[in-house]
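K.L.:
Structure incoming, see below.
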Amino acid sequence: MGLVDRVRKRIVEEIFKRIPPEAQLTRVEFEGPVIAIYVKNVKFIIENEGIIKTLAKTLRKRIVIRVDESARLPEKEAKKRILQLLPESVGVKPENISFDKVLGEVIIRARNSEIFFHDRKLLYNIIFVETGWRPSIVREPPLRSKILEAALNYMIAQSDYRRDVLRAVGERIHRETIFKDQYLRITALGGFREVGRSAILVETAESKVLLDFGFNPSAPSVKQMMPRLDALGINPEEIDAVVLTHAHLDHCGLIPFLFKYGYQGPVYATKATRDLMVLLQLDLLDISKREGKPLPYDIKDVHKALLHTIPLKYGEVTDITPDIRITLYNAGHILGSAMVHMHVGSGLHNIVYTGDFKFGRTRLLNKAHTEFPRVDTLIMESTYGGVVQKPRKEAEEEFINLIKKTIERKGKVLIPALAVGRAQEVMVIIAFAMQSGALPEVPVYIEGMINEVTAIHTAYPELLSREVREKIYSAENPFTYRTFKVLEGKTARADIVESEEPCIIIATSGMLTGGPAVEYFRLMAPDPKNTLIFVNYQVEGTLGRKIKDRMESDSPIKEVNVVVGDKIETIRINMEVHSVEGFSGHSDHRQLLAYLANINPKPKRIILNHGEPEAIRALANSISKKIQKKTLPLPQDIELYAPRVLDSLSLVI
Ligand SMILES: [Zn+2]
């Protein structure tokens, strides 16, 4: 028996010793970070759930129970039985039930998925016991997402491959540590003193872990578009794990590239992040192909990244290497976004990496998590380190007023929006305003990738704010509000714009760099009754920025050139143009400081990243001053760093 096998052998022996013979234990598998225990008598295990709880605690491992193949009902019979057991209200049709033979799971897609978990998981357990198939409940969203459905079907079809991935990952995690010397070092690979291509390498004697691996398409050179793993001479195959905070492309855009160049390990992220990641990567591939700017990977690498993703819930403590254990917490930035808590060694060091986060109220999400078991080093984003934003309430009021005035003069409103997050936020604000009577009920046309993303939001109501979640569970889903009209395929944009009726149009892209929003702008700009409202930051060089700058200048230039096909068209801007600030998914200067005041326990070291140099300087200055004046409850001797890309920092030597 080799060194590597000893750890697993010990775990398996311990399990066989502790599970009573009545359970009829047949085998133990290492499924990625989780230990799968196969039994014939699952009824016994469910009736004596304390046994598994104690075992998980003793081993400090996550455990999943599966039923041995020999004790499962044949698929046809199992399906029949499940349909008999389910009340009509669950909304499950025969085609919503599929089987994963490899893992022994029955995937049930249900409208009303909560019912499975009522009354101490009664329905869930009955299905498990009676069929021997472990239920995997997927919420069938009220809006359909083709991408989500395709991803789910693809994963079921590739179940053999996924099991092999999980086993290989499981062996790499549950192995004897080889080195006695312990050290911990982090290296900035991208997204330090800059925004874009976020990536951090965390290294110990045993492990190499990447936190995010993003892409910066607007960088001036290829070298600045990618995280600098190349400069360290590290091959992707040497990496043990990738942890992804959220699905924005500046955090996940180059993960498929790692797979293309030999990475074989897992990607840890929430389920919502996984779905949004696939959607955004496929969209990026599409756009780059159309624009003739090929990406350094293709569709099969995106698929591979999907198959290697191991979804984690917030708060789930998970071993990812022999000496690193992570837990994800809500970051409040976009759906599924997470902060990563890393526990290194047995109490050697604790890192919290915030990723992008919002420490403030939004309609969609709860504010970022502040309570951690331990924190030694905090790596914090600083995007808006130099900006104080308008209070949320004021921003919403301004936004609603602009829409109301436009409707009253029989005009139409165009809101160019980012597909992930901002569009859904705006939809919720509008739905609530119409519900309360603050806005008259006019049609709201929604176009572009927004609809796929919204569908993914409705698949994970448990990740949304309480207000929105409760409305989704009740019949008042704000995403399917009665005045909302989803536009798909080729739509009659000119008809909408030419009709007499006032309306609101929400369309991508958020900075008018392409997509239906540009077409609407062209059609709507000449009419002075109409209004254009920007709700997100307009980056230098975009059409959105050009329009904003021209209209806001002291002597406005009311004209702009737009590329239409292969021609350039001059558009006369008679419509009103406004920009409402304050809807950002990032914490502003005050919220970043408030986060430091609230995080518990307090870190001994703060590393600022994800911000332009001025933003980081402004934030670092405020932090130092406030510590000196004792208006920020942080230790006087706290270490404050703002590394550059390729800087390394030793946290434990
Ligand atoms: Zn982000």
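By order in the structure tokens, chains are A, B, ...; within a chain, residues start at 1; ligands start at 1, following the order shown.
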Can you pull out every residue with an atom within 8 Å of ligand 1? Use only C-alpha atoms and all ligand atoms and format it as an MDAnalysis selection string.

P.N.:
chainID A and resid 246:251 333:334 355:357 585:586

K.L.:
Name the residues of stretch 434-627 of chain A that fall into strand (DSSP E) according to DSSP on the backbone, using the chain letters and numbers of this document, as a ChimeraX atom specification.

P.N.:
/A:444-447,484-487,503-507,531-534,559-564,567-572,576-579,605-609

K.L.:
Using N, CA and C atoms, can you write the selected residues to a file as a compact mmCIF listing (two decimals), in the first residue's frame?

P.N.:
# COMPACT_ATOMS: atom_id res chain seq x y z
N VAL A 444 -43.53 46.67 -21.30
CA VAL A 444 -42.08 46.69 -21.11
C VAL A 444 -41.49 45.61 -22.02
N TYR A 445 -40.78 46.02 -23.06
CA TYR A 445 -40.20 45.05 -24.00
C TYR A 445 -38.78 44.71 -23.56
N ILE A 446 -38.50 43.42 -23.51
CA ILE A 446 -37.18 42.98 -23.03
C ILE A 446 -36.52 42.15 -24.12
N GLU A 447 -35.34 42.55 -24.50
CA GLU A 447 -34.73 41.91 -25.64
C GLU A 447 -33.24 41.62 -25.40
N PHE A 484 -44.70 42.79 -18.88
CA PHE A 484 -43.41 42.46 -19.50
C PHE A 484 -43.62 41.60 -20.74
N LYS A 485 -42.94 41.96 -21.80
CA LYS A 485 -43.05 41.20 -23.05
C LYS A 485 -41.66 40.82 -23.52
N VAL A 486 -41.44 39.51 -23.54
CA VAL A 486 -40.14 38.99 -23.96
C VAL A 486 -40.09 38.96 -25.48
N LEU A 487 -39.08 39.57 -26.05
CA LEU A 487 -38.94 39.56 -27.51
C LEU A 487 -37.84 38.59 -27.90
N CYS A 503 -44.00 53.18 -24.08
CA CYS A 503 -43.50 51.89 -23.61
C CYS A 503 -42.08 52.03 -23.06
N ILE A 504 -41.61 50.95 -22.46
CA ILE A 504 -40.24 50.91 -21.93
C ILE A 504 -39.52 49.78 -22.65
N ILE A 505 -38.28 50.01 -23.08
CA ILE A 505 -37.52 48.95 -23.75
C ILE A 505 -36.22 48.72 -22.98
N ILE A 506 -36.02 47.48 -22.57
CA ILE A 506 -34.77 47.13 -21.89
C ILE A 506 -34.01 46.20 -22.84
N ALA A 507 -32.81 46.59 -23.24
CA ALA A 507 -32.09 45.79 -24.23
C ALA A 507 -30.59 45.86 -24.01
N THR A 531 -36.83 59.07 -24.21
CA THR A 531 -35.75 59.23 -23.23
C THR A 531 -34.82 58.02 -23.25
N LEU A 532 -33.52 58.31 -23.18
CA LEU A 532 -32.52 57.25 -23.04
C LEU A 532 -31.98 57.33 -21.61
N ILE A 533 -32.05 56.21 -20.89
CA ILE A 533 -31.53 56.22 -19.51
C ILE A 533 -30.41 55.19 -19.38
N PHE A 534 -29.21 55.68 -19.08
CA PHE A 534 -28.11 54.77 -18.79
C PHE A 534 -28.17 54.38 -17.31
N GLU A 559 -25.45 65.18 -32.13
CA GLU A 559 -25.29 64.28 -33.27
C GLU A 559 -24.25 63.23 -32.96
N VAL A 560 -24.44 62.03 -33.52
CA VAL A 560 -23.43 61.01 -33.31
C VAL A 560 -23.43 60.07 -34.52
N ASN A 561 -22.25 59.55 -34.84
CA ASN A 561 -22.17 58.60 -35.96
C ASN A 561 -22.29 57.18 -35.44
N VAL A 562 -23.13 56.40 -36.13
CA VAL A 562 -23.32 55.00 -35.73
C VAL A 562 -23.04 54.12 -36.95
N VAL A 563 -22.30 53.02 -36.70
CA VAL A 563 -22.04 52.09 -37.80
C VAL A 563 -23.26 51.20 -37.98
N VAL A 564 -23.83 51.21 -39.18
CA VAL A 564 -24.97 50.34 -39.49
C VAL A 564 -24.56 49.46 -40.67
N LYS A 567 -22.04 50.74 -43.36
CA LYS A 567 -22.13 52.19 -43.58
C LYS A 567 -22.07 52.95 -42.26
N ILE A 568 -21.74 54.22 -42.37
CA ILE A 568 -21.79 55.06 -41.17
C ILE A 568 -22.96 56.01 -41.32
N GLU A 569 -23.79 56.05 -40.27
CA GLU A 569 -25.00 56.87 -40.34
C GLU A 569 -24.90 57.95 -39.27
N THR A 570 -25.28 59.17 -39.62
CA THR A 570 -25.28 60.23 -38.61
C THR A 570 -26.67 60.31 -37.99
N ILE A 571 -26.69 60.16 -36.66
CA ILE A 571 -27.98 60.16 -35.96
C ILE A 571 -28.15 61.49 -35.24
N ARG A 572 -29.28 62.11 -35.42
CA ARG A 572 -29.62 63.34 -34.72
C ARG A 572 -30.23 62.96 -33.37
N GLU A 576 -34.23 62.88 -24.87
CA GLU A 576 -33.50 63.22 -23.64
C GLU A 576 -32.51 62.11 -23.31
N VAL A 577 -31.35 62.48 -22.78
CA VAL A 577 -30.38 61.47 -22.37
C VAL A 577 -30.03 61.69 -20.90
N HIS A 578 -30.19 60.65 -20.09
CA HIS A 578 -29.89 60.76 -18.67
C HIS A 578 -29.04 59.57 -18.23
N SER A 579 -28.32 59.79 -17.16
CA SER A 579 -27.55 58.70 -16.61
C SER A 579 -27.85 58.63 -15.12
N ARG A 605 -4.05 41.62 8.02
CA ARG A 605 -3.40 42.10 6.80
C ARG A 605 -4.48 42.32 5.76
N ILE A 606 -4.42 43.46 5.05
CA ILE A 606 -5.39 43.73 3.97
C ILE A 606 -4.63 43.90 2.66
N ILE A 607 -5.08 43.19 1.64
CA ILE A 607 -4.49 43.32 0.31
C ILE A 607 -5.57 43.87 -0.61
N LEU A 608 -5.30 45.03 -1.23
CA LEU A 608 -6.30 45.63 -2.11
C LEU A 608 -6.04 45.23 -3.55
N ASN A 609 -7.09 44.83 -4.25
CA ASN A 609 -6.94 44.50 -5.67
C ASN A 609 -8.16 44.98 -6.43

K.L.:
Atom CA of A:Ser145 and atom CA of A:Lys293, how far apart in Å?

P.N.:
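Atom CA of A:Lys293 sits 27.4 Å away from atom CA of A:Ser145.
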
K.L.:
Which residues of stretch 481-554 of chain A come within 7 Å of stretch 425-442 of chain A, and for each one, what is the closest pair of atoms and their distance in Å to one decimal, counting only C-alpha atoms, sorted by chain and residue number, as a Markdown table?

P.N.:
| residue | atom | partner | partner_atom | distance |
| --- | --- | --- | --- | --- |
| A:Tyr481 | CA | A:Ala431 | CA | 6.2 |
| A:Thr483 | CA | A:Val442 | CA | 6.4 |
| A:Pro502 | CA | A:Val442 | CA | 6.6 |
| A:Cys503 | CA | A:Val442 | CA | 5.4 |

K.L.:
Can you write out the residues you just picked, keeping C-alpha atoms, as a PDB file, in the first residue's frame?

P.N.:
ATOM      1  CA  TYR A 481     -44.902  40.827 -14.455  1.00  0.00           C
ATOM      2  CA  THR A 483     -46.763  44.114 -18.643  1.00  0.00           C
ATOM      3  CA  PRO A 502     -45.761  54.755 -24.672  1.00  0.00           C
ATOM      4  CA  CYS A 503     -43.497  51.887 -23.607  1.00  0.00           C
TER       5      CYS A 503
END

K.L.:
With only C-alpha atoms as the atoms that count, which of A:Gly360, A:Pro256, A:Gly50, A:Pro220 lies nearest to A:Phe583?

P.N.:
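The answer is A:Gly360, which sits nearest to A:Phe583.
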
K.L.:
Show me, as a PyMOL selection string, the residues that have an atom within 6 Å of stretch 193-195 of chain A when counting only C-alpha atoms, minus same-chain residues fewer than 2 positions from it.

P.N.:
chain A and resi 191+610-613+644

K.L.:
Create the file for the chosen residues now, containing C-alpha atoms and written as an mmCIF file, in the first residue's frame.

P.N.:
data_model
loop_
_atom_site.group_PDB
_atom_site.id
_atom_site.type_symbol
_atom_site.label_atom_id
_atom_site.label_comp_id
_atom_site.auth_asym_id
_atom_site.auth_seq_id
_atom_site.Cartn_x
_atom_site.Cartn_y
_atom_site.Cartn_z
ATOM 1 C CA GLY A 191 -6.548 42.265 -11.687
ATOM 2 C CA HIS A 610 -9.422 44.901 -8.553
ATOM 3 C CA GLY A 611 -9.184 48.676 -8.937
ATOM 4 C CA GLU A 612 -7.440 51.320 -11.023
ATOM 5 C CA PRO A 613 -4.371 52.761 -9.245
ATOM 6 C CA ARG A 644 1.187 44.803 -8.771
#

K.L.:
Would you mind listing what lies within 6 Å of stretch 310-320 of chain A as a list in words, with only C-alpha atoms counted and same-chain residues fewer than 6 positions away left out?

P.N.:
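Counting only C-alpha atoms, the residues come to Pro33, Ile173, Val267, Tyr268, Ala269, Thr270, Lys271, Ile326, Thr327, Leu328 and Tyr329 of chain A.
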
K.L.:
So which residues touch stretch 617-624 of chain A within 9 Å, counting only C-alpha atoms, skipping near sequence neighbours fewer than 3 positions away, as a list in words?

P.N.:
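With the cut-off at 9 Å, the set is Ser382, Tyr384, Gly385, Gly386, Val387, His589, Leu592, Leu593, Leu596, Leu608, Glu612, Pro613, Glu614, Ile627, Gln628, Lys629, Leu632, Leu640, Tyr641 and Ala642 of chain A.
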
K.L.:
From the set A:Gly582, A:Leu464, A:Ile638, A:Glu14, which residue has the shortest atom-to-atom contact distance to A:Arg392, counting only C-alpha atoms?

P.N.:
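Comparing A:Gly582, A:Leu464, A:Ile638, A:Glu14 against A:Arg392, the winner is A:Gly582.
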
K.L.:
Using only C-alpha atoms, determine which residues lie at most 8 Å from A:Tyr38, disregarding the query and same-chain residues fewer than 2 positions distant; provide the list as a count of residues only.

P.N.:
10

K.L.:
Could you name the residues that touch A:Ala459 at 12 Å or less, counting only C-alpha atoms, but leaving out those on the same chain fewer than 5 positions away, as number ranges by chain?

P.N.:
A: 109-114, 137-145, 148-149, 271-272, 275-276, 335-336, 452-454, 464, 469, 472-473, 479

K.L.:
Give the alpha helix (DSSP H) residues of stretch 56-158 of chain A, as assigned by DSSP on the backbone, as a PyMOL selection string.

P.N.:
chain A and resi 56-59+75-85+118-131+146-157

K.L.:
Keeping only C-alpha atoms, take the residues you just selected and write them out as a compact mmCIF listing (two decimals), in the first residue's frame.

P.N.:
# COMPACT_ATOMS: atom_id res chain seq x y z
CA ALA A 56 -19.29 13.42 8.89
CA LYS A 57 -18.27 15.31 12.02
CA THR A 58 -15.67 12.73 13.05
CA LEU A 59 -14.13 12.49 9.60
CA GLU A 75 -36.02 2.95 -14.27
CA LYS A 76 -39.48 2.40 -15.76
CA GLU A 77 -40.96 1.21 -12.49
CA ALA A 78 -39.20 3.94 -10.54
CA LYS A 79 -40.63 6.60 -12.84
CA LYS A 80 -44.14 5.18 -12.44
CA ARG A 81 -43.80 5.07 -8.66
CA ILE A 82 -42.48 8.65 -8.47
CA LEU A 83 -45.38 9.97 -10.57
CA GLN A 84 -47.80 8.18 -8.22
CA LEU A 85 -46.14 9.67 -5.16
CA HIS A 118 -41.09 20.41 3.45
CA ASP A 119 -41.65 18.54 6.71
CA ARG A 120 -38.09 17.37 7.16
CA LYS A 121 -37.69 16.31 3.52
CA LEU A 122 -40.58 13.86 3.76
CA LEU A 123 -41.37 13.56 0.05
CA TYR A 124 -37.69 13.49 -0.84
CA ASN A 125 -37.00 10.64 1.55
CA ILE A 126 -40.04 8.60 0.48
CA ILE A 127 -38.88 8.68 -3.15
CA PHE A 128 -35.33 7.76 -2.11
CA VAL A 129 -36.44 4.84 0.05
CA GLU A 130 -39.11 3.45 -2.28
CA THR A 131 -37.11 3.62 -5.53
CA LYS A 146 -32.39 26.96 -23.37
CA ILE A 147 -28.82 27.12 -22.18
CA LEU A 148 -29.72 25.86 -18.71
CA GLU A 149 -31.68 22.93 -20.15
CA ALA A 150 -28.94 22.06 -22.64
CA ALA A 151 -26.29 22.18 -19.91
CA LEU A 152 -28.29 19.88 -17.65
CA ASN A 153 -28.94 17.37 -20.44
CA TYR A 154 -25.30 17.46 -21.49
CA MET A 155 -24.16 16.72 -17.93
CA ILE A 156 -26.52 13.75 -17.63
CA ALA A 157 -25.33 12.40 -20.99
